[in-house]
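Source file: run-v4.pdb; contents: PDB, C-alpha atoms.
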```pdb
ATOM      1  CA  MET V   1     104.536  17.703 -67.174
ATOM      2  CA  THR V   2     105.149  18.504 -70.825
ATOM      3  CA  ASP V   3     102.602  17.743 -73.531
ATOM      4  CA  GLY V   4     104.912  15.027 -74.885
ATOM      5  CA  ASN V   5     104.953  13.257 -71.528
ATOM      6  CA  ASP V   6     101.221  13.623 -71.244
ATOM      7  CA  ALA V   7     100.632  12.006 -74.633
ATOM      8  CA  LEU V   8     103.096   9.247 -73.719
ATOM      9  CA  SER V   9     101.347   8.496 -70.437
ATOM     10  CA  GLN V  10      97.993   8.361 -72.209
ATOM     11  CA  ILE V  11      99.460   5.946 -74.765
ATOM     12  CA  GLN V  12     100.791   3.763 -71.947
ATOM     13  CA  GLU V  13      97.375   3.772 -70.284
ATOM     14  CA  HIS V  14      95.635   2.803 -73.540
ATOM     15  CA  ARG V  15      98.183   0.049 -74.125
ATOM     16  CA  ALA V  16      97.494  -1.387 -70.675
ATOM     17  CA  GLN V  17      93.780  -1.435 -71.563
ATOM     18  CA  ILE V  18      94.592  -3.173 -74.867
ATOM     19  CA  ASP V  19      96.629  -5.792 -72.978
ATOM     20  CA  ALA V  20      93.641  -6.453 -70.698
ATOM     21  CA  LEU V  21      91.353  -6.815 -73.742
ATOM     22  CA  ASP V  22      93.827  -9.190 -75.389
ATOM     23  CA  LYS V  23      93.737 -11.426 -72.314
ATOM     24  CA  GLU V  24      89.941 -11.657 -72.649
ATOM     25  CA  ILE V  25      90.116 -12.138 -76.423
ATOM     26  CA  VAL V  26      92.591 -15.025 -76.019
ATOM     27  CA  GLU V  27      90.291 -16.673 -73.447
ATOM     28  CA  LEU V  28      87.275 -16.345 -75.755
ATOM     29  CA  LEU V  29      89.210 -17.656 -78.765
ATOM     30  CA  ASN V  30      90.259 -20.706 -76.757
ATOM     31  CA  ALA V  31      86.695 -21.287 -75.537
ATOM     32  CA  ARG V  32      85.509 -20.969 -79.150
ATOM     33  CA  THR V  33      88.130 -23.489 -80.258
ATOM     34  CA  GLU V  34      86.990 -26.011 -77.639
ATOM     35  CA  LEU V  35      83.393 -25.763 -78.872
ATOM     36  CA  SER V  36      84.518 -25.977 -82.477
ATOM     37  CA  LEU V  37      86.526 -29.160 -81.793
ATOM     38  CA  ALA V  38      83.582 -30.650 -79.867
ATOM     39  CA  ILE V  39      81.305 -29.960 -82.855
ATOM     40  CA  ARG V  40      83.803 -31.589 -85.199
ATOM     41  CA  ALA V  41      83.803 -34.729 -83.036
ATOM     42  CA  LEU V  42      79.978 -34.828 -83.071
ATOM     43  CA  LYS V  43      79.528 -34.366 -86.824
ATOM     44  CA  PRO V  44      80.014 -37.989 -87.964
ATOM     45  CA  GLY V  45      77.329 -39.087 -85.439
ATOM     46  CA  ALA V  46      74.973 -36.480 -86.904
ATOM     47  CA  HIS V  47      75.789 -37.618 -90.459
ATOM     48  CA  MET V  48      77.200 -34.172 -91.252
ATOM     49  CA  GLY V  49      80.228 -33.385 -93.402
ATOM     50  CA  LEU V  50      83.162 -31.686 -91.664
ATOM     51  CA  TYR V  51      83.076 -28.546 -93.816
ATOM     52  CA  ASP V  52      79.853 -26.542 -94.024
ATOM     53  CA  PRO V  53      80.155 -23.374 -96.147
ATOM     54  CA  ARG V  54      76.587 -22.332 -95.224
ATOM     55  CA  ARG V  55      77.486 -22.275 -91.528
ATOM     56  CA  GLU V  56      80.568 -20.203 -92.394
ATOM     57  CA  GLU V  57      78.408 -17.614 -94.213
ATOM     58  CA  GLU V  58      75.984 -17.662 -91.276
ATOM     59  CA  ILE V  59      78.868 -16.855 -88.909
ATOM     60  CA  PHE V  60      79.902 -13.876 -91.045
ATOM     61  CA  GLU V  61      76.319 -12.581 -91.170
ATOM     62  CA  ARG V  62      75.925 -12.910 -87.401
ATOM     63  CA  VAL V  63      79.241 -11.150 -86.840
ATOM     64  CA  TYR V  64      78.078  -8.239 -89.024
ATOM     65  CA  GLY V  65      74.872  -8.113 -86.989
ATOM     66  CA  TYR V  66      76.892  -7.797 -83.757
ATOM     67  CA  ASN V  67      79.077  -5.054 -85.213
ATOM     68  CA  GLU V  68      78.646  -1.547 -83.775
ATOM     69  CA  GLY V  69      81.971  -0.217 -85.181
ATOM     70  CA  PRO V  70      84.457   1.359 -85.528
ATOM     71  CA  LEU V  71      85.491  -1.815 -87.406
ATOM     72  CA  TYR V  72      83.778  -2.264 -90.747
ATOM     73  CA  ASN V  73      82.064  -5.543 -91.604
ATOM     74  CA  ASP V  74      84.808  -6.244 -94.168
ATOM     75  CA  ASN V  75      87.438  -5.823 -91.435
ATOM     76  CA  LEU V  76      85.627  -8.343 -89.248
ATOM     77  CA  ARG V  77      85.296 -10.696 -92.210
ATOM     78  CA  GLU V  78      89.070 -10.564 -92.697
ATOM     79  CA  ILE V  79      89.742 -11.211 -88.996
ATOM     80  CA  TYR V  80      87.162 -14.011 -88.841
ATOM     81  CA  LYS V  81      88.535 -15.669 -91.978
ATOM     82  CA  GLY V  82      91.797 -16.004 -90.041
ATOM     83  CA  ILE V  83      90.004 -17.328 -86.955
ATOM     84  CA  LEU V  84      87.967 -19.914 -88.910
ATOM     85  CA  LYS V  85      91.026 -20.985 -90.928
ATOM     86  CA  VAL V  86      93.010 -21.627 -87.759
ATOM     87  CA  MET V  87      90.151 -23.562 -86.153
ATOM     88  CA  LYS V  88      89.663 -25.723 -89.263
ATOM     89  CA  GLU V  89      93.353 -26.587 -89.266
ATOM     90  CA  MET V  90      93.510 -27.494 -85.563
ATOM     91  CA  PRO V  91      94.235 -31.178 -84.924
ATOM     92  CA  SER V  92      91.321 -33.034 -83.343
ATOM     93  CA  LEU V  93      91.426 -33.445 -79.570
TER
ATOM     94  CA  MET T   1      65.549 -39.817 -79.751
ATOM     95  CA  THR T   2      68.113 -41.463 -82.001
ATOM     96  CA  ASP T   3      71.850 -40.954 -81.558
ATOM     97  CA  GLY T   4      71.885 -38.923 -84.765
ATOM     98  CA  ASN T   5      69.320 -36.490 -83.398
ATOM     99  CA  ASP T   6      71.172 -36.345 -80.125
ATOM    100  CA  ALA T   7      74.452 -35.433 -81.838
ATOM    101  CA  LEU T   8      72.622 -32.840 -83.926
ATOM    102  CA  SER T   9      71.021 -31.191 -80.912
ATOM    103  CA  GLN T  10      74.390 -31.050 -79.152
ATOM    104  CA  ILE T  11      75.906 -29.442 -82.252
ATOM    105  CA  GLN T  12      73.128 -26.855 -82.286
ATOM    106  CA  GLU T  13      73.708 -26.100 -78.614
ATOM    107  CA  HIS T  14      77.462 -25.688 -79.151
ATOM    108  CA  ARG T  15      76.801 -23.428 -82.134
ATOM    109  CA  ALA T  16      74.554 -21.200 -80.032
ATOM    110  CA  GLN T  17      77.392 -20.941 -77.504
ATOM    111  CA  ILE T  18      79.822 -20.047 -80.318
ATOM    112  CA  ASP T  19      77.426 -17.330 -81.520
ATOM    113  CA  ALA T  20      77.337 -15.854 -78.002
ATOM    114  CA  LEU T  21      81.166 -15.908 -77.859
ATOM    115  CA  ASP T  22      81.367 -14.240 -81.274
ATOM    116  CA  LYS T  23      79.178 -11.410 -80.013
ATOM    117  CA  GLU T  24      81.630 -10.820 -77.159
ATOM    118  CA  ILE T  25      84.663 -11.178 -79.446
ATOM    119  CA  VAL T  26      83.247  -8.579 -81.861
ATOM    120  CA  GLU T  27      82.654  -6.166 -78.961
ATOM    121  CA  LEU T  28      86.208  -6.636 -77.669
ATOM    122  CA  LEU T  29      87.710  -6.242 -81.158
ATOM    123  CA  ASN T  30      85.831  -2.973 -81.590
ATOM    124  CA  ALA T  31      86.936  -1.739 -78.150
ATOM    125  CA  ARG T  32      90.517  -2.707 -79.064
ATOM    126  CA  THR T  33      90.209  -0.787 -82.343
ATOM    127  CA  GLU T  34      89.018   2.361 -80.552
ATOM    128  CA  LEU T  35      92.037   2.260 -78.235
ATOM    129  CA  SER T  36      94.359   1.555 -81.145
ATOM    130  CA  LEU T  37      93.022   4.566 -83.080
ATOM    131  CA  ALA T  38      93.297   6.763 -79.981
ATOM    132  CA  ILE T  39      96.950   5.706 -79.588
ATOM    133  CA  ARG T  40      97.619   6.500 -83.230
ATOM    134  CA  ALA T  41      96.222  10.014 -82.749
ATOM    135  CA  LEU T  42      98.428  10.538 -79.669
ATOM    136  CA  LYS T  43     101.698   9.327 -81.228
ATOM    137  CA  PRO T  44     102.749  12.544 -83.016
ATOM    138  CA  GLY T  45     102.346  14.459 -79.722
ATOM    139  CA  ALA T  46     104.567  11.868 -78.018
ATOM    140  CA  HIS T  47     107.137  12.110 -80.858
ATOM    141  CA  MET T  48     106.590   8.425 -81.685
ATOM    142  CA  GLY T  49     106.529   6.856 -85.135
ATOM    143  CA  LEU T  50     103.251   5.265 -86.219
ATOM    144  CA  TYR T  51     104.687   1.767 -86.620
ATOM    145  CA  ASP T  52     106.461   0.149 -83.687
ATOM    146  CA  PRO T  53     107.677  -3.406 -84.391
ATOM    147  CA  ARG T  54     108.816  -3.813 -80.764
ATOM    148  CA  ARG T  55     105.296  -3.169 -79.500
ATOM    149  CA  GLU T  56     104.021  -5.719 -82.022
ATOM    150  CA  GLU T  57     106.435  -8.358 -80.694
ATOM    151  CA  GLU T  58     105.421  -7.421 -77.130
ATOM    152  CA  ILE T  59     101.766  -8.019 -78.035
ATOM    153  CA  PHE T  60     102.573 -11.494 -79.386
ATOM    154  CA  GLU T  61     104.590 -12.358 -76.265
ATOM    155  CA  ARG T  62     101.766 -11.188 -73.983
ATOM    156  CA  VAL T  63      99.223 -13.159 -75.994
ATOM    157  CA  TYR T  64     101.337 -16.313 -75.602
ATOM    158  CA  GLY T  65     101.479 -15.616 -71.872
ATOM    159  CA  TYR T  66      97.665 -15.471 -71.690
ATOM    160  CA  ASN T  67      97.298 -18.701 -73.677
ATOM    161  CA  GLU T  68      95.984 -21.723 -71.799
ATOM    162  CA  GLY T  69      95.078 -23.721 -74.944
ATOM    163  CA  PRO T  70      93.754 -25.606 -76.839
ATOM    164  CA  LEU T  71      95.059 -23.046 -79.370
ATOM    165  CA  TYR T  72      98.813 -23.148 -79.881
ATOM    166  CA  ASN T  73     100.855 -19.941 -79.651
ATOM    167  CA  ASP T  74     101.474 -20.136 -83.419
ATOM    168  CA  ASN T  75      97.688 -20.251 -84.001
ATOM    169  CA  LEU T  76      97.226 -17.133 -81.892
ATOM    170  CA  ARG T  77     100.110 -15.449 -83.711
ATOM    171  CA  GLU T  78      98.337 -16.116 -87.016
ATOM    172  CA  ILE T  79      95.001 -14.759 -85.721
ATOM    173  CA  TYR T  80      96.667 -11.719 -84.143
ATOM    174  CA  LYS T  81      98.628 -10.939 -87.298
ATOM    175  CA  GLY T  82      95.235 -10.570 -88.982
ATOM    176  CA  ILE T  83      93.893  -8.419 -86.143
ATOM    177  CA  LEU T  84      96.936  -6.100 -86.097
ATOM    178  CA  LYS T  85      96.981  -5.845 -89.907
ATOM    179  CA  VAL T  86      93.318  -4.761 -89.960
ATOM    180  CA  MET T  87      93.870  -2.222 -87.176
ATOM    181  CA  LYS T  88      96.929  -0.737 -88.917
ATOM    182  CA  GLU T  89      94.928  -0.332 -92.126
ATOM    183  CA  MET T  90      91.924   1.347 -90.455
ATOM    184  CA  PRO T  91      91.427   4.968 -91.485
ATOM    185  CA  SER T  92      92.005   7.445 -88.637
ATOM    186  CA  LEU T  93      88.922   8.670 -86.770
TER
END
```

File written out as structure tokens:
Amino acid sequence: MTDGNDALSQIQEHRAQIDALDKEIVELLNARTELSLAIRALKPGAHMGLYDPRREEEIFERVYGYNEGPLYNDNLREIYKGILKVMKEMPSL
Amino acid sequence: MTDGNDALSQIQEHRAQIDALDKEIVELLNARTELSLAIRALKPGAHMGLYDPRREEEIFERVYGYNEGPLYNDNLREIYKGILKVMKEMPSL
């Protein structure tokens, strides 16, 4: 086997692992969305406004606390901004 | 316990579940980043360019295949665009 083929087979193996991670990530994002929509439905009964910037900052801080790298906190902030934006824009169940 | 307190305690419970999911999501995103950086390091040896738009489309298609809702495929595309953008911009290890 040439070195080129060896590198290619390692890439294919890594990509298969990424695909498996993506399956889990999609499941967790959907579970997170369900909880987020349930919270939204409960907020009027708790006399809470729909948008809570303090909770958003708390989420970022927690995410940084979970972070063991190689992503930087700023990278996770960028990814989570996208996640929170999508969840805020979801229609209610 | 009033209804308002009941709604509030349910919100707090859901938020604790979201925090636990975020911990897992952060771990998976970091594991995904490690694999992505390893692939980048292998590409020259496999005579592959660093950017592969076909692989990117394949990732989106796989993600849609994993999707059981409530997120829509377009929502996941938006989130994943952020994830892939961050990973492409990461400095090499």

Counting all atoms listed in the file, what are the residues of chain V within 8 Å of chain T, and for each of them which pair of atoms is the nearest and at what distance in Å, to one decimal? Sort the table by chain and rising number, as CSV.
```
residue,atom,partner,partner_atom,distance
V:Asp3,CA,T:Gly45,CA,7.0
V:Gly4,CA,T:Ala46,CA,4.5
V:Asn5,CA,T:Ala46,CA,6.6
V:Asp6,CA,T:Ala46,CA,7.8
V:Ala7,CA,T:Ala46,CA,5.2
V:Leu8,CA,T:Ala46,CA,5.2
V:Gln10,CA,T:Leu42,CA,7.8
V:Ile11,CA,T:Ile39,CA,5.4
V:His14,CA,T:Leu35,CA,5.9
V:Arg15,CA,T:Leu35,CA,7.7
V:Gln17,CA,T:Leu35,CA,7.8
V:Ile18,CA,T:Arg32,CA,5.9
V:Asp19,CA,T:Arg62,CA,7.5
V:Leu21,CA,T:Leu28,CA,6.5
V:Asp22,CA,T:Val63,CA,6.7
V:Lys23,CA,T:Tyr66,CA,5.7
V:Ile25,CA,T:Ile25,CA,6.3
V:Val26,CA,T:Asn67,CA,6.4
V:Glu27,CA,T:Asn67,CA,7.3
V:Leu28,CA,T:Leu21,CA,6.5
V:Leu29,CA,T:Ile25,CA,7.9
V:Asn30,CA,T:Leu71,CA,5.9
V:Arg32,CA,T:Ile18,CA,5.9
V:Thr33,CA,T:Pro70,CA,6.9
V:Glu34,CA,T:Pro70,CA,6.8
V:Leu35,CA,T:His14,CA,5.9
V:Ser36,CA,T:His14,CA,7.8
V:Ala38,CA,T:His14,CA,7.9
V:Ile39,CA,T:Ile11,CA,5.5
V:Leu42,CA,T:Ala7,CA,5.7
V:Lys43,CA,T:Ala7,CA,7.2
V:Gly45,CA,T:Gly4,CA,5.5
V:Ala46,CA,T:Gly4,CA,4.5
V:His47,CA,T:Gly4,CA,7.0
V:Ile59,CA,T:Asp19,CA,7.5
V:Arg62,CA,T:Asp19,CA,7.5
V:Val63,CA,T:Asp22,CA,6.7
V:Tyr66,CA,T:Lys23,CA,5.7
V:Asn67,CA,T:Val26,CA,6.4
V:Glu68,CA,T:Asn30,CA,7.6
V:Gly69,CA,T:Asn30,CA,5.9
V:Pro70,CA,T:Asn30,CA,6.0
V:Leu71,CA,T:Asn30,CA,5.9
V:Asn75,CA,T:Val86,CA,6.2
V:Leu76,CA,T:Val26,CA,7.8
V:Glu78,CA,T:Gly82,CA,7.2
V:Ile79,CA,T:Gly82,CA,5.5
V:Gly82,CA,T:Ile79,CA,5.5
V:Ile83,CA,T:Ile79,CA,5.8
V:Val86,CA,T:Asn75,CA,6.2
V:Met90,CA,T:Leu71,CA,7.8
```

Given 6 Å on each side, where is the centre and what are the edge lengths in Å to one decimal of the axis-aligned box enclosing the listed atoms of region 66-74 of chain V, as AutoDock Vina command-line options?
```
--center_x 81.2 --center_y -3.2 --center_z -89.0 --size_x 20.6 --size_y 21.2 --size_z 22.4
```

Report the distance between CA of Arg77 (chain T) and CA of Gly49 (chain T) in Å, rounded to one decimal place.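 Distance reported for this atom pair: 23.3 Å.
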
What does the distance between CA of Lys88 (chain V) and CA of Leu50 (chain V) come to in Å, to one decimal place?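 Distance between the two atoms: 9.1 Å.
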
CA of Ser92 (chain T) to CA of Glu56 (chain T), distance in Å rounded to a single decimal: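 Atom-to-atom, CA of Ser92 (chain T) to CA of Glu56 (chain T), that is 19.0 Å.
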